[in-house]
Number of protein chains: 2
Amino acid sequence: MSWPKTIAILGTGAVGSYYGAKLALSGRDVRFLARSDLGVLRAEGLRVVDGKTSLHLFPVSAYASPESLGACDLVLISVKATANAALPTLLPPLLGSKTVIMTLQNGLGNEEFLSAHFPKHRIFGGLCFVCLNRVAKGVVEHYGYGKLAIAEFHPRKPCLETTLQSMWQEAGIPCEVSPSLAEARWRKLLWNIPFNGLSIASGGLTVDRILQSPALRREALALMNELIVVAEKLEIGFEPGLPEKLIADTEKMGSYHPSSLLDWMNGRDVEVEAIFHEPLRQARKAGMEPARLAMLFALLESVCASR
Amino acid sequence: MSWPKTIAILGTGAVGSYYGAKLALSGRDVRFLARSDLGVLRAEGLRVVDGKTSLHLFPVSAYASPESLGACDLVLISVKATANAALPTLLPPLLGSKTVIMTLQNGLGNEEFLSAHFPKHRIFGGLCFVCLNRVAKGVVEHYGYGKLAIAEFHPRKPCLETTLQSMWQEAGIPCEVSPSLAEARWRKLLWNIPFNGLSIASGGLTVDRILQSPALRREALALMNELIVVAEKLEIGFEPGLPEKLIADTEKMGSYHPSSLLDWMNGRDVEVEAIFHEPLRQARKAGMEPARLAMLFALLESVCASR
């Protein structure tokens, strides 16, 4: 087995469980840092339910502390961005001198945060275009999609993208190398901002019900177009017709709950800062005022704080 | 006593109770159409609490049906715009051949509705710049302000504005004649759209808490400026510095609940159509796309429907 031989998964929510299980089932030494789910993972393993089929990873290498997990070749960050403050404490035991860090988190600012705290390590972003929900400890439902888009934060030589792409592809995960991390992040925001945002601010609508409301559907599209104008100002271009394609892709998701909606419904912290505030801040820094994003952020900040 | 000698009040919420009580206490023959509050109004009268002072109107001419109330010189409409569909049934018994109708309702479209159903009658708008809450049947709390701005929908001769202005002033209500009804309506929307809208969409914040949130305060101001641009396109101009003045006025309101917030909190219909949708429709008809209003409307339509 080629590099990376050992992989740490930091965060056993939907994303960490799904991608970690796929990598482990492809033969990698994948070690999960668990919390309250430690007992369940050790006793029952990790299950990925995909329609009528189900993958079962057992045994799971689950650890209670980063010290017991130890240093790995690759660390995948799959905690929510709202938990970033814990990373400077959690990460060091997982890092050898050449450990590569890849964040699978949403929003903007995560690579900057990691780079500031771990400047000697190569930092990659991995954008997950996937519909997942963790429905119980050790159980993830996969509703569709799954592709990753990866890019290095500050590209260095030798280029590692192809090696990382192979790792994902061997695990059955479609993976493309993005022309730039910023492009990949904004591409993902083009979906997350409208659908994660409107699902909460509308009072709890799933994506199908957002699309069924003519006014909300129009706002989802208008938000995407607003973000594309911001991205252009940041020298990020997208192919024509992307908003319409994203709407069509979303139509296929049925009554999907975006991850932020589930967080909000369950009283957990919502990634308002990473998904909404930091993009708004970057737009304003570039002299833009995306009005719909500004309104949505202001409302979400209040609605999510009051939970 | 000069014209109008008899006044019907249609709707005994905060606005109808307050303005009706003031007119009755000034000596007019004011007749309230009551519903579930009929017994309380007859037995205990109508109380307006204003800080440490309290006005008490007793007895109250309260009626159970428009037929028993009878035709009046002036009909004041103070039901919510969401109840407009009932007006074509409720109004006719109150109308003599020369009865004037004045709507004290919020939002846009009310005079159009009345004019379409009662084309032979003169229709006035009366915009209430006042902080009121009805806290119980027969009890209204007055927190500040109170001024009316009045204008006729389709101005006719002889001019009635001065007579109506005198009626209000004799009742202790400051009243100004607006240069146009559209100007008065949009002036009121400049406050209602941000504060009624953000108070609900933020999850239930009173006006002081909206102003304490830097992001929401900014959105309130940005909404006002967006609406001023729409109004300009409709050839309605406002004095410079109006948004800042409205914010300063709102600072003095303390923890005031806008009427729509109370409606929403109590599971009643919210005037989304009149306060948000119709202004948005008029803006779009004029070729404008007020992005913040569009976002706010789409969210409110969903949030208020799900109550």
# chains A, B, ... in the order shown; residues from 1 in each chain; ligands from 1
>>> calpha_fit_and_write(fixed="chain B", moving="chain A", output="mmCIF file with C-alpha atoms, in the first residue's frame")
data_model
loop_
_atom_site.group_PDB
_atom_site.id
_atom_site.type_symbol
_atom_site.label_atom_id
_atom_site.label_comp_id
_atom_site.auth_asym_id
_atom_site.auth_seq_id
_atom_site.Cartn_x
_atom_site.Cartn_y
_atom_site.Cartn_z
ATOM 1 C CA MET A 1 -70.046 68.933 16.767
ATOM 2 C CA SER A 2 -68.994 69.199 13.124
ATOM 3 C CA TRP A 3 -68.843 66.389 10.546
ATOM 4 C CA PRO A 4 -68.274 63.476 11.056
ATOM 5 C CA LYS A 5 -70.877 63.067 13.782
ATOM 6 C CA THR A 6 -70.963 59.273 13.735
ATOM 7 C CA ILE A 7 -67.885 57.084 13.387
ATOM 8 C CA ALA A 8 -67.741 53.307 13.034
ATOM 9 C CA ILE A 9 -64.625 51.466 14.179
ATOM 10 C CA LEU A 10 -64.155 48.189 12.351
ATOM 11 C CA GLY A 11 -61.632 46.176 14.341
ATOM 12 C CA THR A 12 -60.988 46.517 18.060
ATOM 13 C CA GLY A 13 -57.325 45.574 18.085
ATOM 14 C CA ALA A 14 -54.689 47.969 19.373
ATOM 15 C CA VAL A 15 -55.154 50.589 16.643
ATOM 16 C CA GLY A 16 -58.961 50.609 16.545
ATOM 17 C CA SER A 17 -59.237 50.645 20.327
ATOM 18 C CA TYR A 18 -56.706 53.440 20.811
ATOM 19 C CA TYR A 19 -57.851 55.814 18.092
ATOM 20 C CA GLY A 20 -61.508 55.003 18.659
ATOM 21 C CA ALA A 21 -61.242 55.696 22.384
ATOM 22 C CA LYS A 22 -59.482 59.013 21.743
ATOM 23 C CA LEU A 23 -62.193 60.106 19.302
ATOM 24 C CA ALA A 24 -64.982 58.997 21.650
ATOM 25 C CA LEU A 25 -63.417 60.823 24.582
ATOM 26 C CA SER A 26 -63.317 63.975 22.438
ATOM 27 C CA GLY A 27 -67.098 63.813 22.213
ATOM 28 C CA ARG A 28 -67.758 62.021 18.920
ATOM 29 C CA ASP A 29 -70.389 59.292 18.577
ATOM 30 C CA VAL A 30 -67.989 56.390 18.099
ATOM 31 C CA ARG A 31 -69.408 52.908 17.593
ATOM 32 C CA PHE A 32 -67.187 49.848 17.805
ATOM 33 C CA LEU A 33 -67.892 46.644 15.946
ATOM 34 C CA ALA A 34 -66.752 44.081 18.491
ATOM 35 C CA ARG A 35 -66.283 40.343 18.281
ATOM 36 C CA SER A 36 -65.200 38.118 21.158
ATOM 37 C CA ASP A 37 -64.540 41.239 23.239
ATOM 38 C CA LEU A 38 -68.148 42.468 23.087
ATOM 39 C CA GLY A 39 -68.980 41.464 26.645
ATOM 40 C CA VAL A 40 -65.813 42.932 28.119
ATOM 41 C CA LEU A 41 -66.246 46.224 26.245
ATOM 42 C CA ARG A 42 -69.858 46.555 27.422
ATOM 43 C CA ALA A 43 -69.170 45.541 31.011
ATOM 44 C CA GLU A 44 -65.811 47.203 31.636
ATOM 45 C CA GLY A 45 -65.307 49.737 28.887
ATOM 46 C CA LEU A 46 -62.089 50.479 27.059
ATOM 47 C CA ARG A 47 -58.886 51.360 28.873
ATOM 48 C CA VAL A 48 -55.828 53.057 27.360
ATOM 49 C CA VAL A 49 -52.830 52.736 29.646
ATOM 50 C CA ASP A 50 -50.099 55.260 29.004
ATOM 51 C CA GLY A 51 -47.248 54.825 31.463
ATOM 52 C CA LYS A 52 -48.701 55.710 34.848
ATOM 53 C CA THR A 53 -51.791 57.395 33.482
ATOM 54 C CA SER A 54 -54.848 55.661 32.149
ATOM 55 C CA LEU A 55 -57.828 56.748 30.081
ATOM 56 C CA HIS A 56 -61.129 54.998 30.593
ATOM 57 C CA LEU A 57 -63.928 55.086 28.038
ATOM 58 C CA PHE A 58 -67.178 53.941 29.614
ATOM 59 C CA PRO A 59 -69.754 53.152 28.469
ATOM 60 C CA VAL A 60 -68.519 51.930 25.095
ATOM 61 C CA SER A 61 -70.932 51.807 22.168
ATOM 62 C CA ALA A 62 -70.063 48.258 21.195
ATOM 63 C CA TYR A 63 -72.078 46.281 18.658
ATOM 64 C CA ALA A 64 -72.181 42.635 17.712
ATOM 65 C CA SER A 65 -73.056 43.144 14.054
ATOM 66 C CA PRO A 66 -72.655 45.848 11.404
ATOM 67 C CA GLU A 67 -76.458 45.867 10.984
ATOM 68 C CA SER A 68 -77.005 46.826 14.633
ATOM 69 C CA LEU A 69 -74.222 49.433 14.434
ATOM 70 C CA GLY A 70 -75.785 51.078 11.380
ATOM 71 C CA ALA A 71 -74.654 53.646 8.833
ATOM 72 C CA CYS A 72 -72.098 56.270 9.934
ATOM 73 C CA ASP A 73 -70.490 59.400 8.479
ATOM 74 C CA LEU A 74 -67.013 57.902 8.724
ATOM 75 C CA VAL A 75 -65.850 54.300 8.864
ATOM 76 C CA LEU A 76 -62.374 53.630 10.244
ATOM 77 C CA ILE A 77 -60.913 50.296 9.129
ATOM 78 C CA SER A 78 -58.618 48.844 11.763
ATOM 79 C CA VAL A 79 -58.775 45.128 11.097
ATOM 80 C CA LYS A 80 -55.569 43.555 9.852
ATOM 81 C CA ALA A 81 -55.059 43.499 6.112
ATOM 82 C CA THR A 82 -55.186 39.702 6.305
ATOM 83 C CA ALA A 83 -58.899 40.090 7.123
ATOM 84 C CA ASN A 84 -59.716 42.239 4.094
ATOM 85 C CA ALA A 85 -61.707 39.466 2.443
ATOM 86 C CA ALA A 86 -64.375 39.975 5.102
ATOM 87 C CA LEU A 87 -64.830 43.684 4.349
ATOM 88 C CA PRO A 88 -67.203 43.381 1.372
ATOM 89 C CA THR A 89 -69.611 41.620 3.744
ATOM 90 C CA LEU A 90 -68.990 43.696 6.864
ATOM 91 C CA LEU A 91 -68.937 47.184 5.403
ATOM 92 C CA PRO A 92 -72.219 47.687 3.505
ATOM 93 C CA PRO A 93 -74.467 48.100 6.578
ATOM 94 C CA LEU A 94 -72.094 50.820 7.827
ATOM 95 C CA LEU A 95 -72.288 52.852 4.641
ATOM 96 C CA GLY A 96 -74.689 55.654 3.878
ATOM 97 C CA SER A 97 -74.553 57.334 0.500
ATOM 98 C CA LYS A 98 -71.937 59.842 1.675
ATOM 99 C CA THR A 99 -69.990 57.739 4.148
ATOM 100 C CA VAL A 100 -66.250 58.284 3.973
ATOM 101 C CA ILE A 101 -63.937 55.317 4.542
ATOM 102 C CA MET A 102 -60.512 55.692 6.136
ATOM 103 C CA THR A 103 -58.199 52.726 6.475
ATOM 104 C CA LEU A 104 -55.694 52.758 9.329
ATOM 105 C CA GLN A 105 -54.132 49.508 8.096
ATOM 106 C CA ASN A 106 -50.520 48.716 7.335
ATOM 107 C CA GLY A 107 -48.928 47.927 4.018
ATOM 108 C CA LEU A 108 -49.927 48.474 0.433
ATOM 109 C CA GLY A 109 -53.076 47.561 -1.435
ATOM 110 C CA ASN A 110 -55.748 48.360 1.134
ATOM 111 C CA GLU A 111 -57.126 51.498 -0.516
ATOM 112 C CA GLU A 112 -57.051 49.709 -3.883
ATOM 113 C CA PHE A 113 -59.088 46.880 -2.378
ATOM 114 C CA LEU A 114 -61.616 49.236 -0.773
ATOM 115 C CA SER A 115 -61.878 51.375 -3.879
ATOM 116 C CA ALA A 116 -62.535 48.327 -6.052
ATOM 117 C CA HIS A 117 -65.352 47.158 -3.784
ATOM 118 C CA PHE A 118 -66.804 50.539 -2.834
ATOM 119 C CA PRO A 119 -66.138 52.772 -5.825
ATOM 120 C CA LYS A 120 -68.788 55.328 -4.889
ATOM 121 C CA HIS A 121 -67.173 56.157 -1.560
ATOM 122 C CA ARG A 122 -64.293 58.463 -0.834
ATOM 123 C CA ILE A 123 -61.358 56.452 0.493
ATOM 124 C CA PHE A 124 -58.665 57.868 2.759
ATOM 125 C CA GLY A 125 -55.548 56.309 4.154
ATOM 126 C CA GLY A 126 -54.473 57.073 7.697
ATOM 127 C CA LEU A 127 -50.967 55.992 8.608
ATOM 128 C CA CYS A 128 -50.456 55.428 12.324
ATOM 129 C CA PHE A 129 -47.001 56.215 13.626
ATOM 130 C CA VAL A 130 -47.543 54.829 17.070
ATOM 131 C CA CYS A 131 -46.327 52.190 19.524
ATOM 132 C CA LEU A 132 -49.301 50.249 20.847
ATOM 133 C CA ASN A 133 -50.040 46.749 22.054
ATOM 134 C CA ARG A 134 -53.421 45.388 23.010
ATOM 135 C CA VAL A 135 -52.598 43.455 26.155
ATOM 136 C CA ALA A 136 -56.082 42.128 26.965
ATOM 137 C CA LYS A 137 -59.646 42.502 25.776
ATOM 138 C CA GLY A 138 -60.536 46.141 26.328
ATOM 139 C CA VAL A 139 -56.992 47.155 27.381
ATOM 140 C CA VAL A 140 -54.440 48.874 25.152
ATOM 141 C CA GLU A 141 -50.994 49.972 26.251
ATOM 142 C CA HIS A 142 -49.581 53.060 24.564
ATOM 143 C CA TYR A 143 -45.785 53.260 24.606
ATOM 144 C CA GLY A 144 -45.176 56.384 22.580
ATOM 145 C CA TYR A 145 -45.749 58.383 19.442
ATOM 146 C CA GLY A 146 -49.249 58.486 17.960
ATOM 147 C CA LYS A 147 -49.172 60.794 14.968
ATOM 148 C CA LEU A 148 -51.364 60.134 11.971
ATOM 149 C CA ALA A 149 -50.543 61.014 8.384
ATOM 150 C CA ILE A 150 -53.619 61.170 6.175
ATOM 151 C CA ALA A 151 -54.290 61.462 2.462
ATOM 152 C CA GLU A 152 -57.095 60.653 0.045
ATOM 153 C CA PHE A 153 -56.616 57.707 -2.329
ATOM 154 C CA HIS A 154 -58.098 59.507 -5.382
ATOM 155 C CA PRO A 155 -58.358 63.151 -4.290
ATOM 156 C CA ARG A 156 -61.747 64.740 -4.985
ATOM 157 C CA LYS A 157 -63.370 68.095 -4.306
ATOM 158 C CA PRO A 158 -64.320 69.393 -1.838
ATOM 159 C CA CYS A 159 -61.120 68.691 0.005
ATOM 160 C CA LEU A 160 -61.844 66.839 3.249
ATOM 161 C CA GLU A 161 -58.325 66.594 4.643
ATOM 162 C CA THR A 162 -58.558 69.715 6.792
ATOM 163 C CA THR A 163 -61.841 68.600 8.326
ATOM 164 C CA LEU A 164 -60.454 65.143 9.110
ATOM 165 C CA GLN A 165 -57.259 66.674 10.461
ATOM 166 C CA SER A 166 -59.338 68.820 12.830
ATOM 167 C CA MET A 167 -61.259 65.782 13.991
ATOM 168 C CA TRP A 168 -58.023 64.039 14.984
ATOM 169 C CA GLN A 169 -56.470 67.111 16.515
ATOM 170 C CA GLU A 170 -59.567 67.737 18.645
ATOM 171 C CA ALA A 171 -59.072 64.184 19.942
ATOM 172 C CA GLY A 172 -55.484 64.977 20.906
ATOM 173 C CA ILE A 173 -53.980 63.054 18.005
ATOM 174 C CA PRO A 174 -51.308 64.937 16.043
ATOM 175 C CA CYS A 175 -52.290 64.674 12.395
ATOM 176 C CA GLU A 176 -50.609 65.818 9.266
ATOM 177 C CA VAL A 177 -51.902 65.879 5.750
ATOM 178 C CA SER A 178 -49.486 64.027 3.488
ATOM 179 C CA PRO A 179 -48.549 65.321 0.058
ATOM 180 C CA SER A 180 -49.662 61.951 -1.292
ATOM 181 C CA LEU A 181 -50.985 58.683 -0.001
ATOM 182 C CA ALA A 182 -48.126 56.797 -1.667
ATOM 183 C CA GLU A 183 -45.602 58.979 0.154
ATOM 184 C CA ALA A 184 -47.283 58.304 3.495
ATOM 185 C CA ARG A 185 -47.560 54.556 2.880
ATOM 186 C CA TRP A 186 -43.905 54.168 1.832
ATOM 187 C CA ARG A 187 -42.795 56.327 4.753
ATOM 188 C CA LYS A 188 -44.512 53.924 7.112
ATOM 189 C CA LEU A 189 -43.103 50.900 5.246
ATOM 190 C CA LEU A 190 -39.644 52.327 5.809
ATOM 191 C CA TRP A 191 -40.131 51.353 9.450
ATOM 192 C CA ASN A 192 -42.513 48.392 9.160
ATOM 193 C CA ILE A 193 -40.511 46.399 6.641
ATOM 194 C CA PRO A 194 -37.268 46.345 8.621
ATOM 195 C CA PHE A 195 -38.663 46.132 12.119
ATOM 196 C CA ASN A 196 -41.778 43.995 11.657
ATOM 197 C CA GLY A 197 -39.835 41.798 9.240
ATOM 198 C CA LEU A 198 -36.547 41.363 11.068
ATOM 199 C CA SER A 199 -38.279 40.854 14.416
ATOM 200 C CA ILE A 200 -39.966 37.690 13.112
ATOM 201 C CA ALA A 201 -37.234 36.431 10.780
ATOM 202 C CA SER A 202 -34.608 36.792 13.517
ATOM 203 C CA GLY A 203 -36.557 34.313 15.592
ATOM 204 C CA GLY A 204 -38.436 36.810 17.746
ATOM 205 C CA LEU A 205 -36.310 39.830 18.632
ATOM 206 C CA THR A 206 -37.791 43.037 20.011
ATOM 207 C CA VAL A 207 -36.638 46.295 18.387
ATOM 208 C CA ASP A 208 -33.970 47.008 21.023
ATOM 209 C CA ARG A 209 -32.350 43.616 20.416
ATOM 210 C CA ILE A 210 -32.428 44.150 16.646
ATOM 211 C CA LEU A 211 -30.560 47.417 17.171
ATOM 212 C CA GLN A 212 -28.091 45.745 19.567
ATOM 213 C CA SER A 213 -27.044 43.237 16.890
ATOM 214 C CA PRO A 214 -24.530 45.009 14.629
ATOM 215 C CA ALA A 215 -25.508 42.781 11.686
ATOM 216 C CA LEU A 216 -29.277 43.242 12.107
ATOM 217 C CA ARG A 217 -28.936 46.977 12.742
ATOM 218 C CA ARG A 218 -26.961 47.240 9.526
ATOM 219 C CA GLU A 219 -29.641 45.256 7.676
ATOM 220 C CA ALA A 220 -32.420 47.478 9.058
ATOM 221 C CA LEU A 221 -30.609 50.541 7.727
ATOM 222 C CA ALA A 222 -29.771 48.824 4.432
ATOM 223 C CA LEU A 223 -33.427 47.823 3.969
ATOM 224 C CA MET A 224 -34.501 51.436 4.502
ATOM 225 C CA ASN A 225 -32.002 52.674 1.958
ATOM 226 C CA GLU A 226 -33.099 49.977 -0.488
ATOM 227 C CA LEU A 227 -36.731 51.063 -0.070
ATOM 228 C CA ILE A 228 -35.842 54.715 -0.555
ATOM 229 C CA VAL A 229 -34.324 53.828 -3.942
ATOM 230 C CA VAL A 230 -37.527 51.998 -4.876
ATOM 231 C CA ALA A 231 -39.653 54.919 -3.687
ATOM 232 C CA GLU A 232 -37.566 57.340 -5.754
ATOM 233 C CA LYS A 233 -38.260 55.239 -8.814
ATOM 234 C CA LEU A 234 -41.964 55.623 -7.946
ATOM 235 C CA GLU A 235 -41.381 59.394 -7.732
ATOM 236 C CA ILE A 236 -41.617 59.511 -3.955
ATOM 237 C CA GLY A 237 -38.899 61.489 -2.235
ATOM 238 C CA PHE A 238 -37.938 61.643 1.433
ATOM 239 C CA GLU A 239 -35.882 64.143 3.370
ATOM 240 C CA PRO A 240 -32.163 63.316 3.704
ATOM 241 C CA GLY A 241 -31.163 61.477 6.880
ATOM 242 C CA LEU A 242 -34.558 59.806 7.323
ATOM 243 C CA PRO A 243 -33.167 56.277 7.945
ATOM 244 C CA GLU A 244 -30.853 57.544 10.680
ATOM 245 C CA LYS A 245 -33.759 59.472 12.235
ATOM 246 C CA LEU A 246 -35.964 56.353 12.186
ATOM 247 C CA ILE A 247 -33.214 54.347 13.860
ATOM 248 C CA ALA A 248 -32.863 57.051 16.526
ATOM 249 C CA ASP A 249 -36.652 57.079 17.066
ATOM 250 C CA THR A 250 -36.594 53.290 17.406
ATOM 251 C CA GLU A 251 -33.841 53.460 20.030
ATOM 252 C CA LYS A 252 -36.379 55.245 22.241
ATOM 253 C CA MET A 253 -38.929 52.430 21.975
ATOM 254 C CA GLY A 254 -37.097 50.049 24.302
ATOM 255 C CA SER A 255 -38.107 46.419 24.102
ATOM 256 C CA TYR A 256 -41.064 47.103 21.818
ATOM 257 C CA HIS A 257 -42.733 44.189 20.024
ATOM 258 C CA PRO A 258 -43.784 45.244 16.508
ATOM 259 C CA SER A 259 -47.401 44.256 15.861
ATOM 260 C CA SER A 260 -46.409 41.565 13.350
ATOM 261 C CA LEU A 261 -44.105 39.975 15.928
ATOM 262 C CA LEU A 262 -46.999 39.740 18.376
ATOM 263 C CA ASP A 263 -49.196 38.259 15.658
ATOM 264 C CA TRP A 264 -46.525 35.677 14.878
ATOM 265 C CA MET A 265 -45.834 34.847 18.525
ATOM 266 C CA ASN A 266 -49.542 34.355 19.139
ATOM 267 C CA GLY A 267 -50.092 32.185 16.086
ATOM 268 C CA ARG A 268 -52.202 34.802 14.285
ATOM 269 C CA ASP A 269 -52.036 35.666 10.602
ATOM 270 C CA VAL A 270 -49.165 38.003 9.736
ATOM 271 C CA GLU A 271 -49.602 40.781 7.153
ATOM 272 C CA VAL A 272 -46.890 39.362 4.887
ATOM 273 C CA GLU A 273 -48.857 40.138 1.748
ATOM 274 C CA ALA A 274 -49.588 43.824 2.503
ATOM 275 C CA ILE A 275 -46.338 44.809 4.233
ATOM 276 C CA PHE A 276 -43.785 42.784 2.235
ATOM 277 C CA HIS A 277 -45.162 41.148 -0.896
ATOM 278 C CA GLU A 278 -47.107 44.043 -2.403
ATOM 279 C CA PRO A 279 -44.194 46.522 -2.014
ATOM 280 C CA LEU A 280 -41.891 43.917 -3.606
ATOM 281 C CA ARG A 281 -44.381 43.429 -6.427
ATOM 282 C CA GLN A 282 -44.606 47.192 -7.011
ATOM 283 C CA ALA A 283 -40.818 47.467 -7.033
ATOM 284 C CA ARG A 284 -40.506 44.656 -9.583
ATOM 285 C CA LYS A 285 -43.254 46.188 -11.702
ATOM 286 C CA ALA A 286 -41.117 49.337 -11.789
ATOM 287 C CA GLY A 287 -38.118 47.279 -12.926
ATOM 288 C CA MET A 288 -36.356 47.199 -9.555
ATOM 289 C CA GLU A 289 -35.114 44.164 -7.626
ATOM 290 C CA PRO A 290 -34.728 45.125 -3.940
ATOM 291 C CA ALA A 291 -32.625 42.122 -2.927
ATOM 292 C CA ARG A 292 -32.946 42.417 0.844
ATOM 293 C CA LEU A 293 -36.712 42.846 0.707
ATOM 294 C CA ALA A 294 -36.949 39.880 -1.676
ATOM 295 C CA MET A 295 -34.967 37.666 0.700
ATOM 296 C CA LEU A 296 -36.920 38.837 3.730
ATOM 297 C CA PHE A 297 -40.262 38.286 2.024
ATOM 298 C CA ALA A 298 -39.362 34.755 0.866
ATOM 299 C CA LEU A 299 -38.319 33.774 4.384
ATOM 300 C CA LEU A 300 -41.300 35.406 6.091
ATOM 301 C CA GLU A 301 -43.754 33.768 3.724
ATOM 302 C CA SER A 302 -42.395 30.407 4.839
ATOM 303 C CA VAL A 303 -41.863 31.190 8.512
ATOM 304 C CA CYS A 304 -45.341 32.681 8.893
ATOM 305 C CA ALA A 305 -47.084 29.924 6.939
ATOM 306 C CA SER A 306 -45.637 27.261 9.197
ATOM 307 C CA ARG A 307 -47.109 28.723 12.378
#
>>> select_by_dssp(residues="segment 14-215 of chain A", states="strand (DSSP E or B)", output="ChimeraX atom specification")
/A:29-33,46-50,53-57,61-63,72-77,95-103,123-136,139-152,175-177
>>> select_by_dssp(residues="segment 68-218 of chain B", states="alpha helix (DSSP H)", output="PyMOL selection string")
chain B and resi 68-69+87-90+110-117+161-170+181-201+207-212+214-218
